[in-house]
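*Asks:* File run.pdb follows (PDB, C-alpha atoms):
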ATOM      1  CA  MET I 136      -9.308 -44.906  28.093
ATOM      2  CA  ARG I 137      -7.075 -41.829  28.008
ATOM      3  CA  VAL I 138      -8.910 -38.478  28.123
ATOM      4  CA  THR I 139      -7.418 -34.989  28.243
ATOM      5  CA  VAL I 140      -9.354 -32.002  29.592
ATOM      6  CA  GLY I 141      -8.221 -28.373  29.579
ATOM      7  CA  THR I 142      -9.173 -24.751  30.115
ATOM      8  CA  PHE I 143      -8.182 -21.650  28.155
ATOM      9  CA  ASN I 144      -9.251 -18.007  28.400
ATOM     10  CA  LEU I 145      -9.203 -16.965  24.725
ATOM     11  CA  ASN I 146      -9.051 -13.243  25.586
ATOM     12  CA  ASN I 147     -11.869 -11.463  23.770
ATOM     13  CA  LEU I 148     -12.587 -13.839  20.914
ATOM     14  CA  PHE I 149     -15.014 -11.502  19.198
ATOM     15  CA  SER I 150     -16.202 -11.981  15.631
ATOM     16  CA  ARG I 151     -14.944  -9.980  12.683
ATOM     17  CA  TYR I 152     -18.353  -8.334  12.327
ATOM     18  CA  ASN I 153     -18.923  -4.986  14.015
ATOM     19  CA  PHE I 154     -22.607  -4.619  13.288
ATOM     20  CA  LYS I 155     -25.735  -6.406  12.320
ATOM     21  CA  GLY I 156     -27.894  -4.627   9.776
ATOM     22  CA  GLU I 157     -31.011  -4.953   7.701
ATOM     23  CA  ILE I 158     -30.400  -4.246   4.016
ATOM     24  CA  ASN I 159     -33.356  -3.651   1.731
ATOM     25  CA  ALA I 160     -33.483  -5.911  -1.321
ATOM     26  CA  ILE I 161     -31.708  -4.561  -4.387
ATOM     27  CA  GLN I 162     -34.162  -3.714  -7.102
ATOM     28  CA  SER I 163     -34.487  -6.125  -9.995
ATOM     29  CA  GLY I 164     -32.112  -5.242 -12.834
ATOM     30  CA  ASP I 165     -29.535  -3.637 -10.514
ATOM     31  CA  THR I 166     -27.667  -6.802  -9.600
ATOM     32  CA  THR I 167     -25.237  -7.027 -12.507
ATOM     33  CA  LEU I 168     -21.527  -6.941 -11.821
ATOM     34  CA  ASP I 169     -21.383  -3.461 -13.328
ATOM     35  CA  SER I 170     -23.877  -2.045 -10.859
ATOM     36  CA  ALA I 171     -22.668   0.174  -8.040
ATOM     37  CA  VAL I 172     -24.433  -0.403  -4.726
ATOM     38  CA  GLU I 173     -24.339   2.113  -1.901
ATOM     39  CA  TYR I 174     -25.290   1.155   1.656
ATOM     40  CA  LYS I 175     -26.361   3.892   4.047
ATOM     41  CA  PHE I 176     -26.841   3.345   7.773
ATOM     42  CA  THR I 177     -29.108   6.257   8.536
ATOM     43  CA  ASP I 178     -32.034   4.588  10.275
ATOM     44  CA  SER I 179     -31.033   3.399  13.754
ATOM     45  CA  ASP I 180     -33.947   0.949  13.736
ATOM     46  CA  THR I 181     -32.314  -1.144  10.992
ATOM     47  CA  PHE I 182     -28.808  -1.594  12.417
ATOM     48  CA  ARG I 183     -27.000  -1.937  15.709
ATOM     49  CA  ILE I 184     -23.354  -1.124  16.259
ATOM     50  CA  ARG I 185     -21.769  -3.251  18.968
ATOM     51  CA  THR I 186     -20.169  -1.008  21.554
ATOM     52  CA  PHE I 187     -19.104  -1.201  25.184
ATOM     53  CA  LYS I 188     -18.782   1.996  27.216
ATOM     54  CA  GLY I 189     -18.832   4.034  24.040
ATOM     55  CA  LYS I 190     -16.120   2.078  22.228
ATOM     56  CA  LEU I 191     -16.607  -0.081  19.164
ATOM     57  CA  VAL I 192     -16.335  -3.805  19.872
ATOM     58  CA  LYS I 193     -13.814  -5.104  17.355
ATOM     59  CA  GLY I 194     -13.000  -8.599  16.219
ATOM     60  CA  LYS I 195      -9.892 -10.335  17.542
ATOM     61  CA  GLU I 196      -6.910  -9.611  15.322
ATOM     62  CA  ALA I 197      -6.282 -12.375  12.800
ATOM     63  CA  ALA I 198      -2.670 -12.880  13.923
ATOM     64  CA  GLU I 199      -3.712 -13.262  17.567
ATOM     65  CA  ARG I 200      -6.540 -15.597  16.610
ATOM     66  CA  THR I 201      -4.095 -17.756  14.671
ATOM     67  CA  THR I 202      -1.679 -17.822  17.609
ATOM     68  CA  VAL I 203      -4.414 -18.931  19.983
ATOM     69  CA  ALA I 204      -5.594 -21.555  17.508
ATOM     70  CA  ASN I 205      -2.084 -22.959  17.066
ATOM     71  CA  ARG I 206      -1.730 -23.323  20.823
ATOM     72  CA  ILE I 207      -4.998 -25.263  20.955
ATOM     73  CA  ILE I 208      -3.954 -27.459  18.021
ATOM     74  CA  ASP I 209      -0.644 -28.236  19.710
ATOM     75  CA  MET I 210      -2.406 -29.110  22.984
ATOM     76  CA  ASP I 211      -4.796 -31.414  21.107
ATOM     77  CA  VAL I 212      -6.980 -32.080  24.165
ATOM     78  CA  ASP I 213     -10.231 -34.021  23.984
ATOM     79  CA  VAL I 214     -12.313 -31.482  25.927
ATOM     80  CA  LEU I 215     -11.483 -27.788  26.213
ATOM     81  CA  ALA I 216     -13.433 -25.340  28.360
ATOM     82  CA  VAL I 217     -13.051 -21.807  26.998
ATOM     83  CA  GLN I 218     -13.820 -18.340  28.299
ATOM     84  CA  GLU I 219     -14.288 -14.914  26.672
ATOM     85  CA  VAL I 220     -16.017 -15.957  23.455
ATOM     86  CA  GLU I 221     -18.625 -13.646  21.924
ATOM     87  CA  ASP I 222     -21.279 -16.129  20.807
ATOM     88  CA  ILE I 223     -21.870 -19.577  19.342
ATOM     89  CA  ASP I 224     -21.436 -18.345  15.758
ATOM     90  CA  THR I 225     -18.004 -16.989  16.663
ATOM     91  CA  LEU I 226     -17.055 -20.258  18.374
ATOM     92  CA  ASN I 227     -18.310 -22.318  15.421
ATOM     93  CA  ARG I 228     -16.399 -20.175  12.937
ATOM     94  CA  PHE I 229     -13.233 -20.347  15.045
ATOM     95  CA  ALA I 230     -13.530 -24.130  15.335
ATOM     96  CA  ARG I 231     -14.116 -24.506  11.599
ATOM     97  CA  ASP I 232     -11.730 -21.965  10.091
ATOM     98  CA  ASP I 233      -8.926 -21.678  12.643
ATOM     99  CA  LEU I 234      -8.951 -25.119  14.259
ATOM    100  CA  GLY I 235      -9.624 -27.046  11.061
ATOM    101  CA  GLY I 236     -12.732 -28.777  12.363
ATOM    102  CA  MET I 237     -10.892 -30.776  15.035
ATOM    103  CA  TYR I 238     -13.801 -30.327  17.481
ATOM    104  CA  ARG I 239     -17.103 -31.771  16.348
ATOM    105  CA  TYR I 240     -19.032 -30.714  19.459
ATOM    106  CA  ARG I 241     -19.292 -27.062  20.425
ATOM    107  CA  VAL I 242     -21.276 -25.517  23.263
ATOM    108  CA  LEU I 243     -22.010 -21.899  24.175
ATOM    109  CA  ILE I 244     -24.978 -20.294  25.932
ATOM    110  CA  GLU I 245     -25.337 -16.530  26.176
ATOM    111  CA  GLY I 246     -24.391 -15.277  29.632
ATOM    112  CA  ASN I 247     -24.747 -12.022  31.523
ATOM    113  CA  ASP I 248     -21.572 -10.125  30.686
ATOM    114  CA  PRO I 249     -22.121  -6.636  29.186
ATOM    115  CA  ARG I 250     -18.973  -7.082  27.069
ATOM    116  CA  LEU I 251     -20.559 -10.191  25.490
ATOM    117  CA  ILE I 252     -17.840 -12.556  26.735
ATOM    118  CA  ASP I 253     -19.366 -15.982  27.288
ATOM    119  CA  LEU I 254     -18.319 -19.447  28.400
ATOM    120  CA  GLY I 255     -18.025 -22.235  25.881
ATOM    121  CA  LEU I 256     -16.751 -25.740  25.366
ATOM    122  CA  LEU I 257     -15.038 -27.617  22.527
ATOM    123  CA  SER I 258     -15.100 -31.403  22.559
ATOM    124  CA  LYS I 259     -14.052 -34.352  20.452
ATOM    125  CA  LEU I 260     -16.179 -36.554  22.700
ATOM    126  CA  PRO I 261     -19.968 -36.496  22.468
ATOM    127  CA  VAL I 262     -21.818 -34.017  24.644
ATOM    128  CA  GLY I 263     -24.902 -34.857  26.687
ATOM    129  CA  ALA I 264     -27.041 -32.479  28.704
ATOM    130  CA  VAL I 265     -26.026 -28.819  28.849
ATOM    131  CA  THR I 266     -27.181 -26.530  31.650
ATOM    132  CA  SER I 267     -26.667 -22.793  32.077
ATOM    133  CA  TRP I 268     -26.809 -21.236  35.544
ATOM    134  CA  ARG I 269     -26.744 -17.640  34.318
ATOM    135  CA  HIS I 270     -29.973 -16.830  36.158
ATOM    136  CA  ALA I 271     -28.827 -18.206  39.537
ATOM    137  CA  VAL I 272     -28.935 -15.763  42.459
ATOM    138  CA  HIS I 273     -27.211 -15.594  45.823
ATOM    139  CA  ALA I 274     -29.367 -15.526  48.959
ATOM    140  CA  SER I 275     -27.813 -12.219  50.023
ATOM    141  CA  ASP I 276     -28.879 -10.498  46.777
ATOM    142  CA  PRO I 277     -31.881 -12.357  45.301
ATOM    143  CA  GLY I 278     -32.701  -9.593  42.827
ATOM    144  CA  ARG I 279     -29.444  -9.913  40.874
ATOM    145  CA  ALA I 280     -27.813 -12.749  38.942
ATOM    146  CA  VAL I 281     -24.784 -13.828  40.927
ATOM    147  CA  PHE I 282     -22.671 -14.912  37.943
ATOM    148  CA  GLY I 283     -21.436 -12.016  35.853
ATOM    149  CA  ARG I 284     -20.900 -14.510  33.024
ATOM    150  CA  ASP I 285     -22.285 -17.963  33.815
ATOM    151  CA  LEU I 286     -21.635 -21.344  35.361
ATOM    152  CA  LEU I 287     -21.824 -23.759  32.425
ATOM    153  CA  GLU I 288     -22.534 -27.419  33.175
ATOM    154  CA  VAL I 289     -21.829 -29.943  30.399
ATOM    155  CA  GLU I 290     -21.996 -33.748  30.372
ATOM    156  CA  ILE I 291     -19.220 -35.541  28.455
ATOM    157  CA  LEU I 292     -20.120 -38.951  27.054
ATOM    158  CA  ASN I 293     -18.253 -42.067  26.001
ATOM    159  CA  ALA I 294     -17.886 -42.047  22.205
ATOM    160  CA  THR I 295     -18.784 -45.731  21.770
ATOM    161  CA  ARG I 296     -21.184 -46.568  24.585
ATOM    162  CA  GLY I 297     -22.877 -43.210  24.986
ATOM    163  CA  ARG I 298     -22.708 -43.312  28.780
ATOM    164  CA  LYS I 299     -21.642 -40.314  30.839
ATOM    165  CA  LEU I 300     -17.919 -40.170  31.568
ATOM    166  CA  PHE I 301     -17.984 -37.031  33.693
ATOM    167  CA  THR I 302     -19.527 -33.585  34.024
ATOM    168  CA  VAL I 303     -17.647 -30.332  33.414
ATOM    169  CA  PHE I 304     -18.459 -27.164  35.366
ATOM    170  CA  ASN I 305     -16.925 -24.239  33.467
ATOM    171  CA  ASN I 306     -16.454 -20.970  35.395
ATOM    172  CA  HIS I 307     -15.323 -17.405  34.833
ATOM    173  CA  LEU I 308     -15.468 -15.571  38.145
ATOM    174  CA  LYS I 309     -15.461 -11.807  38.742
ATOM    175  CA  SER I 310     -12.240 -10.082  37.710
ATOM    176  CA  HIS I 311     -10.155  -7.719  39.818
ATOM    177  CA  PHE I 312     -10.710  -4.883  37.367
ATOM    178  CA  VAL I 313     -11.953  -1.618  38.870
ATOM    179  CA  PRO I 314     -13.218   0.966  36.336
ATOM    180  CA  PHE I 315     -11.352   4.246  36.059
ATOM    181  CA  GLY I 316     -12.761   6.861  38.399
ATOM    182  CA  GLN I 317     -13.905   4.409  41.059
ATOM    183  CA  ASP I 318     -12.222   4.040  44.440
ATOM    184  CA  PRO I 319      -9.693   1.239  43.802
ATOM    185  CA  VAL I 320      -9.808  -0.005  47.399
ATOM    186  CA  ALA I 321     -13.594  -0.082  47.651
ATOM    187  CA  GLY I 322     -13.862  -1.481  44.134
ATOM    188  CA  GLY I 323     -11.370  -4.239  44.910
ATOM    189  CA  LEU I 324     -13.224  -5.225  48.081
ATOM    190  CA  ALA I 325     -16.521  -5.312  46.199
ATOM    191  CA  ALA I 326     -15.008  -7.524  43.478
ATOM    192  CA  ASN I 327     -13.604  -9.891  46.103
ATOM    193  CA  ALA I 328     -16.967 -10.073  47.859
ATOM    194  CA  ARG I 329     -18.781 -10.890  44.618
ATOM    195  CA  ARG I 330     -16.215 -13.513  43.684
ATOM    196  CA  ARG I 331     -16.785 -15.144  47.088
ATOM    197  CA  ARG I 332     -20.564 -15.118  46.553
ATOM    198  CA  GLN I 333     -20.010 -16.748  43.168
ATOM    199  CA  ALA I 334     -17.835 -19.423  44.794
ATOM    200  CA  GLU I 335     -20.507 -20.034  47.427
ATOM    201  CA  LYS I 336     -23.240 -20.350  44.813
ATOM    202  CA  ALA I 337     -21.146 -22.629  42.608
ATOM    203  CA  THR I 338     -20.568 -24.891  45.613
ATOM    204  CA  GLU I 339     -24.296 -24.964  46.342
ATOM    205  CA  ILE I 340     -25.127 -25.851  42.724
ATOM    206  CA  ILE I 341     -22.478 -28.555  42.374
ATOM    207  CA  LEU I 342     -23.530 -30.188  45.651
ATOM    208  CA  ALA I 343     -27.136 -30.248  44.459
ATOM    209  CA  ARG I 344     -26.210 -31.654  41.030
ATOM    210  CA  THR I 345     -23.773 -34.372  42.104
ATOM    211  CA  ARG I 346     -23.375 -37.243  44.540
ATOM    212  CA  PRO I 347     -20.307 -38.100  46.647
ATOM    213  CA  ASN I 348     -19.246 -40.682  44.050
ATOM    214  CA  SER I 349     -19.984 -38.512  40.981
ATOM    215  CA  SER I 350     -17.271 -37.888  38.399
ATOM    216  CA  PHE I 351     -16.980 -34.182  37.670
ATOM    217  CA  ILE I 352     -14.396 -31.524  36.877
ATOM    218  CA  LEU I 353     -14.556 -27.930  38.062
ATOM    219  CA  LEU I 354     -12.416 -25.666  35.909
ATOM    220  CA  GLY I 355     -12.074 -22.236  34.313
ATOM    221  CA  ASP I 356     -10.747 -18.754  34.939
ATOM    222  CA  MET I 357     -11.250 -18.148  38.658
ATOM    223  CA  ASN I 358      -9.496 -14.761  38.714
ATOM    224  CA  ASP I 359      -7.952 -15.704  42.056
ATOM    225  CA  PRO I 360      -5.296 -18.165  43.245
ATOM    226  CA  PRO I 361      -6.468 -21.441  44.793
ATOM    227  CA  ASP I 362      -5.553 -20.386  48.340
ATOM    228  CA  SER I 363      -7.383 -17.041  48.219
ATOM    229  CA  GLN I 364     -10.117 -16.137  50.681
ATOM    230  CA  PRO I 365     -12.832 -15.692  48.003
ATOM    231  CA  MET I 366     -12.120 -19.181  46.609
ATOM    232  CA  ALA I 367     -12.293 -20.936  49.984
ATOM    233  CA  PRO I 368     -16.033 -21.777  49.907
ATOM    234  CA  LEU I 369     -15.527 -23.638  46.644
ATOM    235  CA  VAL I 370     -12.181 -25.398  46.920
ATOM    236  CA  ALA I 371     -11.734 -25.772  50.693
ATOM    237  CA  SER I 372     -15.187 -27.057  51.543
ATOM    238  CA  ALA I 373     -15.447 -30.258  53.581
ATOM    239  CA  ALA I 374     -18.787 -30.927  51.903
ATOM    240  CA  LEU I 375     -17.188 -30.739  48.447
ATOM    241  CA  PRO I 376     -13.738 -32.372  48.673
ATOM    242  CA  LEU I 377     -11.812 -31.444  45.552
ATOM    243  CA  ALA I 378      -8.216 -32.012  44.450
ATOM    244  CA  ASN I 379      -6.149 -29.342  42.704
ATOM    245  CA  ALA I 380      -5.162 -31.096  39.480
ATOM    246  CA  LEU I 381      -2.596 -28.391  38.621
ATOM    247  CA  ALA I 382      -0.573 -28.477  41.826
ATOM    248  CA  ASN I 383       2.528 -29.817  40.030
ATOM    249  CA  PRO I 384       2.175 -29.266  36.291
ATOM    250  CA  LEU I 385       4.740 -29.822  33.576
ATOM    251  CA  GLU I 386       5.490 -26.832  31.330
ATOM    252  CA  THR I 387       5.677 -27.155  27.560
ATOM    253  CA  ARG I 388       8.701 -24.842  27.610
ATOM    254  CA  PRO I 389      10.594 -22.815  30.228
ATOM    255  CA  PRO I 390       9.040 -19.437  31.083
ATOM    256  CA  LYS I 391      10.487 -16.252  29.645
ATOM    257  CA  ALA I 392      13.223 -14.856  31.887
ATOM    258  CA  ASP I 393      11.992 -12.378  34.465
ATOM    259  CA  THR I 394      13.086 -10.634  37.667
ATOM    260  CA  PRO I 395      11.997 -12.188  39.902
ATOM    261  CA  PRO I 396      11.219 -15.454  38.102
ATOM    262  CA  PRO I 397       8.020 -17.315  38.970
ATOM    263  CA  ALA I 398       8.413 -19.326  42.164
ATOM    264  CA  THR I 399       6.519 -22.327  40.802
ATOM    265  CA  ALA I 400       5.378 -23.815  37.510
ATOM    266  CA  ALA I 401       1.764 -23.644  38.730
ATOM    267  CA  TRP I 402       0.779 -20.319  37.170
ATOM    268  CA  THR I 403      -1.245 -19.260  34.141
ATOM    269  CA  HIS I 404      -1.538 -15.478  34.582
ATOM    270  CA  ARG I 405       1.131 -12.777  34.884
ATOM    271  CA  PHE I 406       0.426  -9.245  36.107
ATOM    272  CA  LYS I 407       3.069  -6.498  36.262
ATOM    273  CA  PRO I 408       2.017  -3.557  38.486
ATOM    274  CA  SER I 409       3.699  -0.293  37.582
ATOM    275  CA  GLY I 410       7.054  -0.081  39.343
ATOM    276  CA  GLN I 411       6.511  -3.417  41.081
ATOM    277  CA  PRO I 412       7.756  -6.977  40.498
ATOM    278  CA  ALA I 413       5.634  -9.223  38.304
ATOM    279  CA  GLU I 414       3.016 -11.377  39.997
ATOM    280  CA  TYR I 415       2.428 -14.944  38.843
ATOM    281  CA  GLU I 416      -0.831 -16.667  39.795
ATOM    282  CA  LEU I 417      -2.737 -19.838  38.964
ATOM    283  CA  TYR I 418      -5.970 -18.164  37.883
ATOM    284  CA  ASP I 419      -6.927 -20.896  35.406
ATOM    285  CA  GLN I 420      -7.643 -23.957  37.480
ATOM    286  CA  ILE I 421      -8.780 -27.572  37.232
ATOM    287  CA  TRP I 422     -10.288 -29.350  40.243
ATOM    288  CA  LEU I 423     -11.242 -33.022  40.378
ATOM    289  CA  SER I 424     -13.971 -34.809  42.285
ATOM    290  CA  GLN I 425     -12.979 -37.677  44.589
ATOM    291  CA  SER I 426     -13.862 -40.326  42.013
ATOM    292  CA  LEU I 427     -11.433 -38.811  39.468
ATOM    293  CA  GLN I 428      -8.505 -37.906  41.705
ATOM    294  CA  LEU I 429      -6.751 -41.266  41.486
ATOM    295  CA  LYS I 430      -7.320 -41.414  37.729
ATOM    296  CA  GLN I 431      -5.196 -38.368  36.946
ATOM    297  CA  THR I 432      -1.969 -39.278  35.134
ATOM    298  CA  GLY I 433      -0.630 -35.879  34.127
ATOM    299  CA  ALA I 434      -0.944 -32.075  34.296
ATOM    300  CA  PHE I 435       0.389 -29.539  31.815
ATOM    301  CA  ILE I 436       0.582 -25.796  31.115
ATOM    302  CA  ASP I 437       1.458 -24.408  27.691
ATOM    303  CA  ARG I 438       3.938 -21.708  28.606
ATOM    304  CA  ARG I 439       3.843 -18.387  26.780
ATOM    305  CA  THR I 440       6.863 -17.081  24.872
ATOM    306  CA  LYS I 441       6.205 -13.392  25.667
ATOM    307  CA  HIS I 442       5.493 -11.741  29.013
ATOM    308  CA  GLY I 443       2.281 -10.276  27.635
ATOM    309  CA  GLY I 444       1.122 -13.657  26.400
ATOM    310  CA  ASP I 445       0.723 -15.365  23.025
ATOM    311  CA  GLY I 446      -2.691 -14.334  21.730
ATOM    312  CA  SER I 447      -4.057 -14.326  25.278
ATOM    313  CA  ASP I 448      -2.976 -12.987  28.658
ATOM    314  CA  HIS I 449      -3.676 -16.460  30.095
ATOM    315  CA  ASP I 450      -1.800 -19.686  29.488
ATOM    316  CA  PRO I 451      -3.902 -22.782  28.793
ATOM    317  CA  ALA I 452      -3.729 -25.729  31.181
ATOM    318  CA  TRP I 453      -4.871 -29.323  30.838
ATOM    319  CA  ILE I 454      -4.802 -32.678  32.554
ATOM    320  CA  GLU I 455      -4.716 -36.314  31.515
ATOM    321  CA  LEU I 456      -7.052 -38.930  32.958
ATOM    322  CA  ASP I 457      -6.996 -42.722  32.675
ATOM    323  CA  LEU I 458     -10.663 -43.709  32.681
TER     324      LEU I 458
END
Let's see the structure in the file written out as structure tokens.
*Replies:*
Amino acid sequence: MRVTVGTFNLNNLFSRYNFKGEINAIQSGDTTLDSAVEYKFTDSDTFRIRTFKGKLVKGKEAAERTTVANRIIDMDVDVLAVQEVEDIDTLNRFARDDLGGMYRYRVLIEGNDPRLIDLGLLSKLPVGAVTSWRHAVHASDPGRAVFGRDLLEVEILNATRGRKLFTVFNNHLKSHFVPFGQDPVAGGLAANARRRRQAEKATEIILARTRPNSSFILLGDMNDPPDSQPMAPLVASAALPLANALANPLETRPPKADTPPPATAAWTHRFKPSGQPAEYELYDQIWLSQSLQLKQTGAFIDRRTKHGGDGSDHDPAWIELDL
């Protein structure tokens, strides 16, 4: 049985709706086509404008949404872990309208992010149990949720027998972003420390939820390369031996020319500091448990055509398994 599993940061897949409101019923007799209806948002108790840090949260541009959707359609994977999706309604609408209904099973649980970016999953294969770890805490800070978004655990089932094929652990770890006005050095160190705590907690959860012979896939936007210090508790743990499934991926097309060019095909994120060479990193990762490592038959990254990305600043990656 051939199964493909991927990960893709959809880059702010917000809905096209900027508010939710409560409209009083139109009076009887005023509903003809010739009637003019005026809506006034004057009572703050009956509407809520979605904002973040004083700015209106806008839907993803239609052209960018189409570009992202076309990349997913071309990949045509069986299971796709996604990041940065507003809510389940947005994911359902995207799957229906932009992906043409190719994914019957869709999962999203609200997380902790103040920008409303959540983790989700699209699957052609049946889905079993779904678990959110959004409320998990780290021992060093028990009064605060450790995951800024979530750690989403999803069972993937065999379509004919209904038995569990494997479990997916979808991640989106703390970014490197430091808000304007904050000390960039101190802010960067704090982000690294939180990302390490998230890696430690994810390791603790996965160890508790699996056995040495369990089939599971750890994947998502880690916001750090595999060999980074914050990632070490998760991917370099003797207690949780994992294999980097994207160590030697094939690219769907050559990368756009750059100076210097990327040193390896194993990258999904490009960052260009002002006045500095571009940095290429494998932020979007796929790690396999011991029971799945020998079943991997391929690894792929859909290479962008523009330096800034095609609908997203991340390139999607996926693997092929022979189960």
*Asks:* Tell me which of I:His449, I:Arg332, I:Lys441, I:His311 sits closest to Ala367 (chain I), counting all atoms listed in the file.
*Replies:*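 Checking each of I:His449, I:Arg332, I:Lys441, I:His311 against Ala367 (chain I), counting all atoms listed in the file, the winner is I:Arg332.
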*Asks:* Which residue out of I:Val192, I:Arg438, I:Leu381, I:Gln428 has the minimum interatomic distance to Pro397 (chain I) when all atoms listed in the file are used?
*Replies:*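 Of all the options, I:Arg438 lies closest to Pro397 (chain I).
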*Asks:* If we count only C-alpha atoms, what is near Arg137 (chain I) at a cut-off of 8 Å, once residues fewer than 2 positions away on the same chain are taken out, given as a PyMOL selection string?
*Replies:* chain I and resi 139+455-458
*Asks:* With distances taken over all atoms listed in the file, which residue among I:Arg388, I:Arg298, I:Arg329, I:Arg344 lies nearest Gln364 (chain I)?
*Replies:*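 Of I:Arg388, I:Arg298, I:Arg329, I:Arg344, the one nearest Gln364 (chain I) is I:Arg329, counting all atoms listed in the file.
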*Asks:* Go through I:Phe435, I:His442, I:Arg250, I:Val220 and flag the residue nearest Lys190 (chain I), using all atoms listed in the file for the distances.
*Replies:*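 The closest residue to Lys190 (chain I) is I:Arg250.
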*Asks:* Figure out the distance between CA of Trp422 (chain I) and CA of Asp448 (chain I), please, to one decimal in Å.
*Replies:*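 Rounded to one decimal, the two atoms are 21.3 Å apart.
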*Asks:* Can you work out which one of I:Thr394, I:Gln425, I:Thr387, I:Asn205 has the shortest atom-to-atom distance to Leu353 (chain I), counting all atoms listed in the file?
*Replies:*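 Distance minimum relative to Leu353 (chain I) lands on I:Gln425.
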*Asks:* Can you check which parts of region 263-344 of chain I lie within 9 Å of region 240-244 of chain I? Per residue, the shortest pair of atoms and distance in Å to one decimal, counting all atoms listed in the file, sorted by chain and number, as a Markdown table.
*Replies:*
| residue | atom | partner | partner_atom | distance |
| --- | --- | --- | --- | --- |
| I:Val265 | CA | I:Val242 | CA | 8.0 |
| I:Thr266 | CA | I:Ile244 | CA | 8.7 |
| I:Ser267 | CA | I:Ile244 | CA | 6.8 |
| I:Arg269 | CA | I:Ile244 | CA | 9.0 |
| I:Asp285 | CA | I:Ile244 | CA | 8.7 |
| I:Leu287 | CA | I:Ile244 | CA | 8.0 |
| I:Val289 | CA | I:Val242 | CA | 8.4 |
*Asks:* Restricting the calculation to all atoms listed in the file: of I:Val217, I:Leu427, I:Ala326, I:Ala280, which residue gets closest to Ser350 (chain I)?
*Replies:*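 Smallest distance to Ser350 (chain I) is found for I:Leu427.
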*Asks:* Would you pick out the contacts of Pro451 (chain I) at 7 Å or less, using all atoms listed in the file, so that residues sharing its chain but fewer than 4 positions from it are not included, and give the list as a PyMOL selection string?
*Replies:* chain I and resi 142-143+403+436-437
*Asks:* Would you list the residues near (-2.2, -25.0, 21.1) (no more than 12 Å away, in the coordinates of the file, using all atoms listed in the file) as a CSV table (one decimal) with C-alpha atoms, in the coordinates of the input?
*Replies:*
chain,number,residue,atom,x,y,z
I,141,GLY,CA,-8.2,-28.4,29.6
I,142,THR,CA,-9.2,-24.8,30.1
I,143,PHE,CA,-8.2,-21.6,28.2
I,145,LEU,CA,-9.2,-17.0,24.7
I,200,ARG,CA,-6.5,-15.6,16.6
I,201,THR,CA,-4.1,-17.8,14.7
I,202,THR,CA,-1.7,-17.8,17.6
I,203,VAL,CA,-4.4,-18.9,20.0
I,204,ALA,CA,-5.6,-21.6,17.5
I,205,ASN,CA,-2.1,-23.0,17.1
I,206,ARG,CA,-1.7,-23.3,20.8
I,207,ILE,CA,-5.0,-25.3,21.0
I,208,ILE,CA,-4.0,-27.5,18.0
I,209,ASP,CA,-0.6,-28.2,19.7
I,210,MET,CA,-2.4,-29.1,23.0
I,211,ASP,CA,-4.8,-31.4,21.1
I,212,VAL,CA,-7.0,-32.1,24.2
I,215,LEU,CA,-11.5,-27.8,26.2
I,233,ASP,CA,-8.9,-21.7,12.6
I,234,LEU,CA,-9.0,-25.1,14.3
I,387,THR,CA,5.7,-27.2,27.6
I,435,PHE,CA,0.4,-29.5,31.8
I,436,ILE,CA,0.6,-25.8,31.1
I,437,ASP,CA,1.5,-24.4,27.7
I,438,ARG,CA,3.9,-21.7,28.6
I,439,ARG,CA,3.8,-18.4,26.8
I,445,ASP,CA,0.7,-15.4,23.0
I,446,GLY,CA,-2.7,-14.3,21.7
I,447,SER,CA,-4.1,-14.3,25.3
I,450,ASP,CA,-1.8,-19.7,29.5
I,451,PRO,CA,-3.9,-22.8,28.8
I,452,ALA,CA,-3.7,-25.7,31.2
I,453,TRP,CA,-4.9,-29.3,30.8
*Asks:* What is the distance, in Å and to one decimal place, between CA of Gly263 (chain I) and CA of Met357 (chain I)?
*Replies:*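 For CA of Gly263 (chain I) relative to CA of Met357 (chain I), the distance reads 24.7 Å.
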*Asks:* Go through the shown structure with the PyMOL selection byres ((chain I and resi 251-254) around 6) and write out the matching residues as a list in words.
*Replies:*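 When the PyMOL selection byres ((chain I and resi 251-254) around 6) is applied, the selected residues are Val217, Gln218, Glu219, Val220, Glu221, Gly246, Asp248, Pro249, Arg250 and Gly255 of chain I.
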*Asks:* Just so I have it separately, write region 378-384 of chain I from the block I sent, keeping N, CA and C atoms, as a short mmCIF file (atom, residue, chain, number, x, y, z; two decimals), in the first residue's frame.
*Replies:*
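Everything below was put into decode.cif:
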data_model
loop_
_atom_site.label_atom_id
_atom_site.label_comp_id
_atom_site.auth_asym_id
_atom_site.auth_seq_id
_atom_site.Cartn_x
_atom_site.Cartn_y
_atom_site.Cartn_z
N ALA I 378 14.05 9.35 12.41
CA ALA I 378 14.82 9.50 11.18
C ALA I 378 14.31 10.70 10.40
N ASN I 379 15.22 11.55 9.94
CA ASN I 379 14.87 12.70 9.13
C ASN I 379 14.49 12.22 7.73
N ALA I 380 13.21 12.27 7.41
CA ALA I 380 12.72 11.75 6.14
C ALA I 380 13.03 12.68 4.97
N LEU I 381 13.49 13.90 5.26
CA LEU I 381 13.77 14.87 4.20
C LEU I 381 15.26 15.17 4.09
N ALA I 382 16.10 14.21 4.45
CA ALA I 382 17.54 14.43 4.38
C ALA I 382 18.02 14.58 2.94
N ASN I 383 17.39 13.83 2.01
CA ASN I 383 17.82 13.87 0.61
C ASN I 383 16.60 13.92 -0.31
N PRO I 384 15.90 15.03 -0.32
CA PRO I 384 14.66 15.09 -1.11
C PRO I 384 14.91 15.38 -2.58
#
